[in-house]
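The structure appears below as structure tokens.
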Amino acid sequence: MSRRTAGTGLLVLVALAGAAWLLAASLPHRAPAVPIETVRPRDFARLVPAEGVLRSVHSTPVSVPVGAPGPFRVGWIADDGTRVKAGEPVIRFDPSEIEKELENAADELATARVKAEKERAHGLAEVRKLERDLALAHEELSAAREFQKKDETVYSRIEITESEIDEELARNREAHARETRRGREALSGTELELLGIDMRKADAKIRRARESLAALTVTAPHDGVLVLKRNWRGEAIRVGDTVWNGQPLAEIPDLAQMQAEVYVLEADAGGLAPGKPATVSLESRPDVEHAARIGRVDPLAKPRFRGSPVQYFGVTLSLDRTDPGVMKPGQRVRALLRLDERPRALTVPRQAVFERDGKTILYRMKGEAFEPVEVALGPSGAGRVVVESGLRPGDAVALADPTRPLEPAETQTPEAAGAPTP
């Protein structure tokens, strides 16, 4: 046999093998050992887990006093979760800094008063001295006018001129003494006004310090449970922390109506909307579920923890009923949100879905073999996915690819492996 004849025969064999493979792929697949599941209508819901805490719907904030100047340093604070009565102290601030300011302001006021008394006495003495100078100048002017030499027949021209000069000098001295006294009175008044401003400033400091001392104790506005505020790290206010005017430090919630504030991963947030049902269980009592509904969804996702890139949507759940006996603000809760609910939907396990040539298919049993069926999928949950079209109730679908050899563990049906029958 020539080399050309051998090559031609090999090509023919390869072509025949390819045609046989294509024919086998287009025909239903016989795979009696492939695990199957019969599709039946069932209620479907995508359950999304979430975690968070309980919050009161209505609460009264406990804040740093606004009227008194700050900052304040926390000296004592009631324990988180303490039951308080109306008017009972819940926060006390450290008075040392304010007491020091009060002492300094009192010293400033006393110093300003001493300076004012000294200026008043000194100014009065200066004015009296200048009044004496003015009286003396007035007498000199009167004498110069009375004894002025004007008769040219008796006095020489030089004597008359000297007498006129003496009168003019006395007049200038009197005017100077009067202006000096007026200026000294004005200066003394200005000094006293400035010292009066210093006294008023010191008095205002004293008044503010006393108001701050009076505001160092914050009392409960009404009966309830004290719940301390948390910062972004989840830490409550502590003794020694510096706080500012108006800063909220705690709240006294109304325990009659509670709600849950939970966080949902951004990847699971599809379908979140107000009105969707949910169940809430306390972390301390996970066996008891409480019915709830989504009340509000944050418009934007944001990190829950500082420095973490994971984004969460904040969701507020309205509880159908509040049990004040076991529910307290700040308790950790777990929630299951029911999204994408489909009553009487056809669902299949995720492992029954395959991608072939850009199409989504299932392998449906026909007789003793399987045929590929193109389907349209809907929402998916934990392990199952809704089939929108392509299947009918009662169809049996393969749970493994029947076109490839099965591993030993895949040859068991769900019933044989001990799994519950769908």
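Numbering starts fresh at 1 for the residues of each chain in the structure tokens, the chains themselves are lettered A, B, ... in the order given, and ligands are numbered from 1 as they appear.
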
Please build the interface table for region 281-304 of chain A against region 269-273 of chain A with a cut-off of 10 Å, listing for each qualifying residue the nearest atom pair and the distance in Å to one decimal; count only C-alpha atoms, order rows by chain and increasing number, and write it as JSON lines.
{"residue": "A:Arg293", "atom": "CA", "partner": "A:Ala273", "partner_atom": "CA", "distance": 9.7}
{"residue": "A:Ile294", "atom": "CA", "partner": "A:Ala273", "partner_atom": "CA", "distance": 6.8}
{"residue": "A:Gly295", "atom": "CA", "partner": "A:Ala273", "partner_atom": "CA", "distance": 8.2}
{"residue": "A:Arg296", "atom": "CA", "partner": "A:Ala273", "partner_atom": "CA", "distance": 7.5}
{"residue": "A:Val297", "atom": "CA", "partner": "A:Ala273", "partner_atom": "CA", "distance": 6.8}
{"residue": "A:Asp298", "atom": "CA", "partner": "A:Leu272", "partner_atom": "CA", "distance": 10.0}
{"residue": "A:Ala301", "atom": "CA", "partner": "A:Ala269", "partner_atom": "CA", "distance": 9.4}

Can I get the selected residues back with N, CA, C and O atoms, as an mmCIF file, in the first residue's frame?
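For reference, out-v5.cif as written:
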data_model
loop_
_atom_site.group_PDB
_atom_site.id
_atom_site.type_symbol
_atom_site.label_atom_id
_atom_site.label_comp_id
_atom_site.auth_asym_id
_atom_site.auth_seq_id
_atom_site.Cartn_x
_atom_site.Cartn_y
_atom_site.Cartn_z
ATOM 1 N N ARG A 293 -41.556 44.272 58.257
ATOM 2 C CA ARG A 293 -41.569 44.704 56.856
ATOM 3 C C ARG A 293 -40.538 45.804 56.660
ATOM 4 O O ARG A 293 -40.223 46.542 57.602
ATOM 5 N N ILE A 294 -40.035 45.880 55.428
ATOM 6 C CA ILE A 294 -39.067 46.933 55.116
ATOM 7 C C ILE A 294 -39.774 48.281 55.149
ATOM 8 O O ILE A 294 -40.759 48.491 54.443
ATOM 9 N N GLY A 295 -39.261 49.192 55.990
ATOM 10 C CA GLY A 295 -39.849 50.526 56.084
ATOM 11 C C GLY A 295 -39.114 51.554 55.257
ATOM 12 O O GLY A 295 -39.720 52.428 54.640
ATOM 13 N N ARG A 296 -37.773 51.457 55.235
ATOM 14 C CA ARG A 296 -36.977 52.447 54.500
ATOM 15 C C ARG A 296 -35.671 51.807 54.065
ATOM 16 O O ARG A 296 -35.115 50.958 54.768
ATOM 17 N N VAL A 297 -35.178 52.224 52.886
ATOM 18 C CA VAL A 297 -33.904 51.747 52.350
ATOM 19 C C VAL A 297 -33.050 52.971 52.040
ATOM 20 O O VAL A 297 -33.512 53.907 51.383
ATOM 21 N N ASP A 298 -31.806 52.969 52.515
ATOM 22 C CA ASP A 298 -30.906 54.090 52.215
ATOM 23 C C ASP A 298 -30.702 54.214 50.705
ATOM 24 O O ASP A 298 -30.564 53.198 50.007
ATOM 25 N N ALA A 301 -25.294 53.055 48.963
ATOM 26 C CA ALA A 301 -24.529 52.091 49.758
ATOM 27 C C ALA A 301 -23.273 52.770 50.292
ATOM 28 O O ALA A 301 -22.704 53.654 49.646
#

Would you list the contacts of Pro61 (chain A) as a list of chain:residue names, taking every protein, DNA or RNA residue within 12 Å and counting only C-alpha atoms, but skipping same-chain residues closer than 4 positions in sequence? A:Ser56, A:Pro65, A:Val218, A:Thr219, A:Ala220, A:Pro221, A:His222, A:Gly224, A:Val225, A:Leu226, A:Val227, A:Leu228, A:Lys229, A:Gly246, A:Gln247, A:Pro248, A:Leu249, A:Ala250, A:Glu251, A:Ile252, A:Pro253, A:Asp254

Which is closest to Lys359 (chain A) among A:Glu191, A:Leu377, A:Glu97, A:Thr347, if we use only C-alpha atoms?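 Closest to Lys359 (chain A), using only C-alpha atoms: A:Leu377.
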
From A:Asp395, A:Thr217, A:Leu195, A:Val34, residue lying nearest Ala78 (chain A) [only C-alpha atoms]: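 The answer is A:Thr217, which sits nearest to Ala78 (chain A).
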
Report as a tab-separated table the residues of region 47-113 of chain A within 8 Å of region 328-336 of chain A, each with its shortest atom pair and distance in Å (one decimal), using only C-alpha atoms, ordered by chain and increasing residue number.
residue	atom	partner	partner_atom	distance
A:Leu47	CA	A:Leu336	CA	5.9
A:Val48	CA	A:Leu336	CA	5.5
A:Pro49	CA	A:Leu336	CA	4.7
A:Ala50	CA	A:Ala335	CA	5.1
A:Glu51	CA	A:Arg334	CA	4.6
A:Gly52	CA	A:Val333	CA	5.4
A:Val53	CA	A:Arg332	CA	4.4
A:Leu54	CA	A:Pro329	CA	5.0
A:Arg55	CA	A:Pro329	CA	4.9
A:Ser56	CA	A:Pro329	CA	6.2

Between CA of Val326 (chain A) and CA of Gly81 (chain A), what is the distance, to one decimal in Å?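 The value is 13.3 Å.
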
Among region 252-416 of chain A, which ones does DSSP assign to strand (DSSP E or B) (computed from the backbone)? Answer as a ChimeraX atom specification. /A:252-253,258-265,277-282,285-297,302-303,311-319,332-349,354-356,359-366,369-374,376-380,384-389,396-398

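Closest approach to Ala202 (chain A) among A:Arg338, A:Arg113, A:Arg404, A:Arg92 is made by A:Arg113 (distances from only C-alpha atoms).
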
My list of candidates is A:Lys276, A:Arg207, A:Arg364, A:Arg178. Which is closest to Thr316 (chain A) when distances are computed with only C-alpha atoms?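 So, comparing all the options, the nearest one is A:Lys276.
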
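Of the residues listed (A:Ala345, A:Leu319, A:Ala116, A:Asn172), A:Ala116 shows the shortest atom-to-atom separation from Thr190 (chain A); distances use only C-alpha atoms.
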
Which residue of A:Gly367, A:Gly234, A:Pro299, A:Gly87 approaches Pro274 (chain A) most closely, using only C-alpha atoms: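 Looking at the shortest contact to Pro274 (chain A), the residue is A:Pro299.
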
Would you kindly return, as a PyMOL selection string, each protein, DNA or RNA residue with an atom no farther than 12 Å from any atom of Ser380 (chain A), considering only C-alpha atoms and excluding same-chain residues fewer than 2 positions away? chain A and resi 44-48+268+270-271+339-342+345-350+353+377-378+382-388
